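A quick write-up on the structure given underneath.
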Amino acid sequence: MEQNLILTPEIASGDFLTIFVASALVLVFGGLYVGLFTAVKVRLLKPWFMIIGYGFWLLTVYCLYLMGSLMHVDHFTAKALVVAAVGLLLVPHAVYYMQDHVHRENEH
Amino acid sequence: MAQKSVWSDNRFWRRSATWVTGVASVLLIWLTFDTMGQISMGTDADLKNGVTKRVPAPTVINYKVDYVFDSRRGHEVPKIGPEKEKFFGKFWSEEEAAALLHKGKLASQAKNCMDCHTLLGNGAYFAPDLTKAWLDPAWQDGGTMQAMTGKNSKEEAMVAFLMNPDQYPTHERMMPNLGITHDEAVALVAFLKHMASIDTNGFPRNFGRMQGAVHGK
Amino acid sequence: MANNALTGVGSESKQLATWYFTFAAIIFGAQLVFGVVAAIQFVEPSFLYGVLDFSIARILHINALVVWMVFAMFGSVYWLLPDETGIETVGIKIGKLLFWIFAAAIVVVVLVYLFIQVGPADDTTIWFITEGREYIEAPRWADLGIVVVALGFVANLFFTGMKGNRSGIVTVLMADMIAFSGLYLCGMFFTDNISMDQYWWWWVIHLWVEATWEVFVGSLAAYALITIIGAHRKVVEMWLWIEVAMLFGSGILGLGHHYFWIGTPEYWWEIGALFSALEPLPLVAMFIHVLYDWGKTQGEQMGAEHTDEDHVKSVITNKPAFTWITLNAFGNFLGAGIWGFFHTLPQVNLYTHGTQFTAAHGHLAFFGAYATILIGMMYLAIQGTNGIKVMNHTKASIWGVSLITSGVVGMTVALTIAGYSQVLVARAQMGGTWQAYFDGQAGMWFQQAMDWRLVMGVVTLLGFVFLAKDLLTSGKSPVHER
């Protein structure tokens with residue numbers, strides 16, 4: 001019954017702080033990415049800010065990785081985290097694309 | 001002027017929202033049926049035959065309950081029996097045990113336990129978690145709480161404390177006197193023992209590690 | 001502005017809304033007072049011991065929270081219905097009667113909590129004193145009363161929506177309110193099985209605050225964006241449908257993150273982890289949406305006036321309301337998003353479950369996601385009833401919003417630190433026993449954090465005093481454009 005083996009290794013006491021900080025930063029960086037992306041798209045900021053935006057997304061991914069490895073997530077959760085990371089990358093694109101479409105259809 | 005596309009069509013999104021919600025709800029209902037089967041109370045026969053249920057029958061109070069590490073599942077799980085153990089000096093019949101648990105659960109709500117303590121980790125954080133209170137080292141033979149109440153069994157010590165918690169100040173933060181009667185206190189202890197026998201997927205973790213553990217881990 | 005002839009004092013529905021808002025604001029004040037009492041008891045346990053014990057202070061604190069929010073939500077619906085449907089709310093007489101029944105029932109329940117507090121272990125207690133289940137302690141007679149009131153409210157919403165112009169916002173609200181009321185039924189029955197009890201209890205708590213209430217807030221934000229900055233209805237409504245899909249898509253099964261440790265099977269670990277990881281996405285999306293709409297409409301205004309950022313006329317017609325709604329976008333993301341994601345995966349939740357982390361998350365999430373936007377709605381109501389064209393900040397409104405926000409954020413930070421020290425001492429090192437619990441509470445970091453929580457709680461209460469003053473007097477203030 002190898003399949004049923006559920007391992008939940010302990011989290012080292014010293015790792016808790018890193019885990020909490022990393023998981024908070026996941027969304028802080030994620031939010032910065034989304035904010036910069038939108039701000040550039042609606043022309044509140046210059047286009048080169050977009051590079052910084054994607055940089056923040058990379059930081060998000062790193063924090064997710066750090067958090068996940070320190071808390072010893074299982075395979076399934078690891079996959080869920082990857083889905084969340086890719087989702088975060090795509091969501092602003094999709095949202096912007098759709099909003100822009102509707103705007104153009106309704107304003108002209 | 002842009003082309004009308006499906007992505008900017010309100011109807012498309014309304015239907016998507018309806019479908020997503022519908023599918024999520026159906027999945028939840030399906031999982032609920034499965035979970036209901038798994039968390040409904042076992043029977044007295046299950047206990048006698050050593051069938052493991054996540055939530056055992058009320059007669060679990062007649063058995064020795066323990067919380068031990070399971071290497072296959074990688075965390076602690078409750079261990080019930082096979083040794084029997086008297087509860088308040090006697091073995092309880094199915095009907096008696098069920099009535100006692102019923103009263104205990106009612107008492108836990110009537111006295112607002114959950115608004116200071118946590119039960120299964122849910123509730124308020126002003127007082128200790130009660131999930132495994134029955135197994136807590138403080139209440140065992142030789143533990144601080146038993147010594148303080150001057151009783152010589154865990155059950156009696158718990159009853160004495162529950163009836164007059166203000167007479168046994170353990171910390172600056174004290175449990176108030178909630179007018180718990182003797183019968184209610186006995187029922188509450190049964191409720192606590194039953195809760196300790198529920199399989200909580202290893203919560204709390206490493207229970208009692210620093211105290212030399214519940215049973216010498 | 002998307003207003004019409006029914007705006008303001010002329011509409012009975014809007015008048016009823018102001019009743020709901022007034023009662024909500026009073027209960028909000030009560031929530032803060034009892035919160036401060038409970039905070040004092042963490043620092044000085046003998047305070048009111050035996051008179052108003054922690055359990056009672058806390059029941060009043062969290063029940064007042066739920067009640068004021070429900071009142072403000074009902075009020076918001078009565079406020080926006082005439083604007084959205086173009087007609088007066090159907091059955092307004094019944095609506096008014098139900099308001100008085102609801103308010104009277106709440107007063108009786110509070111008096112019983114305060115003066116009777118606990119009862120014997122039998123059904124009379126469950127029926128008449130307390131059900132003793134966190135957040136929904138209200139005794140069963142009150143449960144039944146609440147169901148009747150909620151049904152009347154939903155009926156009003158439905159018949160008005162069917163008779164008038166059923167906009168996208170109203171359609172979402174109709175579906176959402178049915179679910180919201182129906183879910184309450186899951187919290188009404190009694191069972192001896194504590195695992196079963198908790199399973200259904202979470203259906204009410206989680207499916208309210210992480211699904212139906214979030215969608216409700218989405219609808220309010222949609223209405224507010226149209227009303228305050230004149231965003232395009234078509235865009236806003238399409239966006240609302242996307243939000244509904246994302247919120248319900250992640251929120252309904254996100255329920256799994258409450259089923260890790262209550263006796264339910266292990267597969268909830270995976271379900272809870274997956275959907276919890278997705279739950280911040282709609283919050284992120286809501287955040288972009290507000291920024292996007294504001295940027296777009298302001299940009300258009302700039303284009304229309306042929307001017308630049310410094311000289312453009314603001315498109316915001318209600319500054320206090322817009323401030324609170326912007327705080328909502330941030331607060332939802334911070335409180336529900338970041339503070340939720342902190343401890344949502346089962347691997348770490350094993351250690352944080354049932355610690356002050358949850359309290360930290362609860363404070364910031366309820367404030368950020370719900371209190372903010374409901375207060376914003378109250379400001380919209382003041383604007384409407386006083387015929388104000390552009391509503392500006394007063395001194396009191398600025399003090400109110402600043403003090404309340406810094407107070408809540410301060411409490412959250414303090415509780416997070418307390419939770420962290422609790423996790424380390426009581427959970428990771430000592431394994432969650434009675435002794436471990438008290439050692440965790442005795443730590444210096446924990447105790448100092450609790451002192452700061454009290455200070456910040458008082459700051460919040462002070463902020464409320466300014467807010468209350470502003471809500472009462474701002475309507476007549478000369479700073480607004482009429």
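Labeling convention for the structure tokens: chains A, B, ... as they appear, residues from 1 per chain, ligands from 1 in order of appearance.
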
Report the residues of segment 92-193 of chain B whose backbone DSSP state falls under strand (DSSP E or B), written as a list in words.
Thr118, Leu119, Asn122, Gly123 and Asp129 of chain B

Enumerate as a short mmCIF file (atom, residue, chain, number, x, y, z; two decimals) with N, CA, C and O atoms, in the first residue's frame the residues belonging to chain C that approach chain B to within 7 Å, with only C-alpha atoms taken into account.
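Ended up saving to selection-v8.cif:
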```
data_model
loop_
_atom_site.label_atom_id
_atom_site.label_comp_id
_atom_site.auth_asym_id
_atom_site.auth_seq_id
_atom_site.Cartn_x
_atom_site.Cartn_y
_atom_site.Cartn_z
N PRO C 45 -7.02 39.71 33.46
CA PRO C 45 -8.11 38.73 33.48
C PRO C 45 -9.17 38.95 34.55
O PRO C 45 -10.29 38.47 34.41
N GLY C 50 -16.70 37.13 36.41
CA GLY C 50 -17.91 36.75 37.12
C GLY C 50 -19.10 37.66 36.84
O GLY C 50 -20.21 37.36 37.24
N PHE C 54 -15.21 36.68 29.78
CA PHE C 54 -14.68 36.75 28.42
C PHE C 54 -15.63 36.12 27.41
O PHE C 54 -15.89 36.69 26.35
N SER C 55 -16.18 34.94 27.76
CA SER C 55 -17.04 34.25 26.79
C SER C 55 -18.21 35.13 26.37
O SER C 55 -18.56 35.19 25.18
N ARG C 58 -17.08 38.10 24.28
CA ARG C 58 -16.72 37.67 22.94
C ARG C 58 -17.96 37.33 22.11
O ARG C 58 -18.03 37.65 20.92
N ILE C 59 -18.94 36.68 22.73
CA ILE C 59 -20.18 36.39 22.00
C ILE C 59 -20.77 37.70 21.48
O ILE C 59 -21.14 37.82 20.32
N VAL C 118 -25.83 31.83 30.52
CA VAL C 118 -25.77 30.39 30.28
C VAL C 118 -27.03 29.74 30.84
O VAL C 118 -27.75 30.35 31.62
N GLY C 119 -27.28 28.48 30.43
CA GLY C 119 -28.46 27.79 30.94
C GLY C 119 -28.12 26.35 31.26
O GLY C 119 -26.98 25.91 31.07
N PRO C 120 -29.10 25.60 31.75
CA PRO C 120 -28.87 24.19 32.03
C PRO C 120 -28.70 23.41 30.72
O PRO C 120 -29.08 23.89 29.65
N ALA C 121 -28.14 22.18 30.83
CA ALA C 121 -27.86 21.39 29.63
C ALA C 121 -29.13 20.70 29.12
O ALA C 121 -29.28 19.50 29.22
N ASP C 122 -30.08 21.49 28.63
CA ASP C 122 -31.24 20.87 27.99
C ASP C 122 -31.74 21.74 26.85
O ASP C 122 -31.18 22.80 26.56
N THR C 125 -32.42 25.72 26.90
CA THR C 125 -31.31 26.64 26.69
C THR C 125 -31.09 26.89 25.21
O THR C 125 -30.91 28.02 24.77
N ILE C 126 -31.11 25.79 24.43
CA ILE C 126 -30.89 25.91 22.98
C ILE C 126 -31.99 26.76 22.35
O ILE C 126 -31.75 27.55 21.46
N THR C 130 -29.01 30.29 24.47
CA THR C 130 -27.86 30.30 23.57
C THR C 130 -27.72 28.94 22.90
O THR C 130 -28.03 27.92 23.51
N GLU C 131 -27.27 28.94 21.64
CA GLU C 131 -26.95 27.67 21.00
C GLU C 131 -25.47 27.35 21.16
O GLU C 131 -25.02 26.28 20.75
N GLY C 132 -24.71 28.30 21.70
CA GLY C 132 -23.31 28.05 22.03
C GLY C 132 -22.42 27.65 20.87
O GLY C 132 -21.42 26.98 21.06
N ARG C 133 -22.80 28.06 19.65
CA ARG C 133 -21.94 27.74 18.50
C ARG C 133 -21.42 29.06 17.95
O ARG C 133 -22.18 29.87 17.46
N GLU C 134 -20.10 29.21 18.05
CA GLU C 134 -19.43 30.45 17.67
C GLU C 134 -20.07 31.13 16.46
O GLU C 134 -20.31 30.47 15.44
N ASP C 192 -25.37 15.26 18.35
CA ASP C 192 -24.43 14.84 19.40
C ASP C 192 -23.01 14.70 18.86
O ASP C 192 -22.05 14.63 19.61
N ASN C 193 -22.93 14.59 17.52
CA ASN C 193 -21.65 14.30 16.89
C ASN C 193 -20.91 15.60 16.59
O ASN C 193 -21.28 16.34 15.68
N SER C 195 -18.10 16.29 15.21
CA SER C 195 -17.54 16.43 13.87
C SER C 195 -18.61 16.85 12.87
O SER C 195 -18.40 17.74 12.04
N MET C 196 -19.77 16.21 12.98
CA MET C 196 -20.90 16.55 12.12
C MET C 196 -21.32 18.00 12.37
O MET C 196 -21.58 18.76 11.44
N MET C 238 -20.20 42.96 -16.74
CA MET C 238 -19.49 41.79 -17.25
C MET C 238 -18.46 41.35 -16.22
O MET C 238 -18.30 40.17 -15.91
N TRP C 241 -19.88 39.35 -13.40
CA TRP C 241 -20.10 37.93 -13.70
C TRP C 241 -18.80 37.14 -13.62
O TRP C 241 -18.77 36.02 -13.14
N ILE C 242 -17.71 37.75 -14.10
CA ILE C 242 -16.41 37.07 -14.01
C ILE C 242 -16.04 36.85 -12.55
O ILE C 242 -15.59 35.78 -12.15
N VAL C 244 -18.10 36.61 -10.03
CA VAL C 244 -18.95 35.56 -9.46
C VAL C 244 -18.34 34.20 -9.79
O VAL C 244 -18.21 33.32 -8.92
N ALA C 245 -17.94 34.03 -11.05
CA ALA C 245 -17.37 32.75 -11.46
C ALA C 245 -16.11 32.44 -10.66
O ALA C 245 -15.92 31.33 -10.15
N PHE C 248 -17.06 32.04 -6.62
CA PHE C 248 -17.73 30.78 -6.31
C PHE C 248 -16.87 29.60 -6.74
O PHE C 248 -16.83 28.57 -6.07
N GLY C 249 -16.16 29.75 -7.85
CA GLY C 249 -15.31 28.66 -8.34
C GLY C 249 -14.25 28.28 -7.33
O GLY C 249 -13.95 27.10 -7.11
N ILE C 252 -16.35 28.01 -3.03
CA ILE C 252 -17.24 26.94 -2.59
C ILE C 252 -16.43 25.73 -2.13
O ILE C 252 -16.62 25.21 -1.03
N LEU C 253 -15.46 25.31 -2.93
CA LEU C 253 -14.66 24.15 -2.51
C LEU C 253 -13.51 24.56 -1.59
O LEU C 253 -12.90 23.71 -0.94
N TRP C 261 -8.90 19.19 10.17
CA TRP C 261 -8.67 18.58 11.50
C TRP C 261 -9.93 18.32 12.31
O TRP C 261 -9.86 18.20 13.53
N ILE C 262 -11.10 18.30 11.72
CA ILE C 262 -12.29 18.16 12.55
C ILE C 262 -12.88 16.76 12.51
O ILE C 262 -14.02 16.54 12.90
N GLY C 263 -12.09 15.80 12.04
CA GLY C 263 -12.59 14.43 12.00
C GLY C 263 -12.95 13.99 10.59
O GLY C 263 -13.26 12.83 10.36
N THR C 264 -12.88 14.93 9.64
CA THR C 264 -13.24 14.64 8.26
C THR C 264 -12.07 13.97 7.53
O THR C 264 -10.92 14.11 7.95
N PRO C 265 -12.34 13.25 6.43
CA PRO C 265 -11.31 12.45 5.77
C PRO C 265 -10.15 13.28 5.19
O PRO C 265 -10.30 14.48 4.96
N GLU C 266 -9.04 12.57 4.93
CA GLU C 266 -7.82 13.25 4.49
C GLU C 266 -7.94 13.92 3.14
O GLU C 266 -7.19 14.84 2.84
N LEU C 350 -1.54 22.91 10.42
CA LEU C 350 -1.46 21.97 11.54
C LEU C 350 -0.93 22.67 12.79
O LEU C 350 -1.30 22.36 13.91
N HIS C 353 -3.56 26.30 13.35
CA HIS C 353 -5.00 26.13 13.58
C HIS C 353 -5.33 26.37 15.05
O HIS C 353 -4.73 25.79 15.94
N GLY C 354 -6.29 27.27 15.29
CA GLY C 354 -6.70 27.53 16.67
C GLY C 354 -5.72 28.39 17.45
O GLY C 354 -5.64 28.29 18.66
N THR C 355 -4.95 29.24 16.75
CA THR C 355 -4.08 30.18 17.47
C THR C 355 -4.51 31.61 17.11
O THR C 355 -5.43 31.81 16.33
N GLN C 356 -3.80 32.58 17.66
CA GLN C 356 -4.13 33.98 17.40
C GLN C 356 -3.95 34.36 15.93
O GLN C 356 -4.40 35.43 15.52
N MET C 430 6.02 22.43 22.12
CA MET C 430 5.41 21.71 23.23
C MET C 430 4.20 20.85 22.88
O MET C 430 3.69 20.13 23.74
N GLY C 431 3.71 20.96 21.66
CA GLY C 431 2.69 20.01 21.22
C GLY C 431 1.27 20.23 21.68
O GLY C 431 0.48 19.30 21.70
N GLY C 432 0.91 21.46 22.03
CA GLY C 432 -0.50 21.79 22.22
C GLY C 432 -1.21 21.19 23.41
O GLY C 432 -2.42 20.96 23.36
N THR C 433 -0.52 20.95 24.50
CA THR C 433 -1.22 20.50 25.71
C THR C 433 -1.66 21.71 26.51
O THR C 433 -1.38 22.86 26.17
N TRP C 434 -2.36 21.41 27.61
CA TRP C 434 -2.79 22.42 28.57
C TRP C 434 -1.59 23.28 29.01
O TRP C 434 -1.61 24.49 28.94
N TYR C 437 -0.16 25.36 26.28
CA TYR C 437 -1.00 26.52 26.02
C TYR C 437 -0.63 27.66 26.97
O TYR C 437 -0.39 28.79 26.54
#
```

Tell me which of B:Gly142, B:Gly42, B:Gly74, B:Pro169 sits closest to chain A, counting only C-alpha atoms.
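The answer is B:Gly74, which sits nearest to chain A.
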
Just how far from atom CA of Ser421 of chain C is atom CA of Ala436 of chain C, in Å to one decimal?
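That distance, rounded to one decimal, is 11.8 Å.
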
Residues of chain A within 6 Å of chain C, using only C-alpha atoms, as a PyMOL selection string?
chain A and resi 20+23-24+27+80+84

Skip segment 323-325 of chain C itself and residues of its chain fewer than 5 positions away, then list as a PyMOL selection string all residues within 12 Å of it, counting only C-alpha atoms.
chain C and resi 217-218+220-225+228-229+286-287+290-291+294+316-318+330-332+367-380+391-393+397-398+400-402+404-405+467

Using only C-alpha atoms, find the one residue out of A:Ile11, A:Leu88, A:Phe49, A:Tyr65 that sits nearest to chain B.
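Under the stated criterion, the closest residue is A:Ile11.
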
Check segment 74-205 of chain C with DSSP on the backbone and list each residue it calls helix (DSSP H, G or I), as a PyMOL selection string.
chain C and resi 74-85+92-115+123-128+140-163+168-187+194-205

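Here atom CA of Trp79 of chain C and atom CA of His363 of chain C stand 26.9 Å from one another.
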
Please measure the separation of atom CA of Glu210 of chain C and atom CA of Val67 of chain C, giving the value in Å to one decimal.
16.9 Å
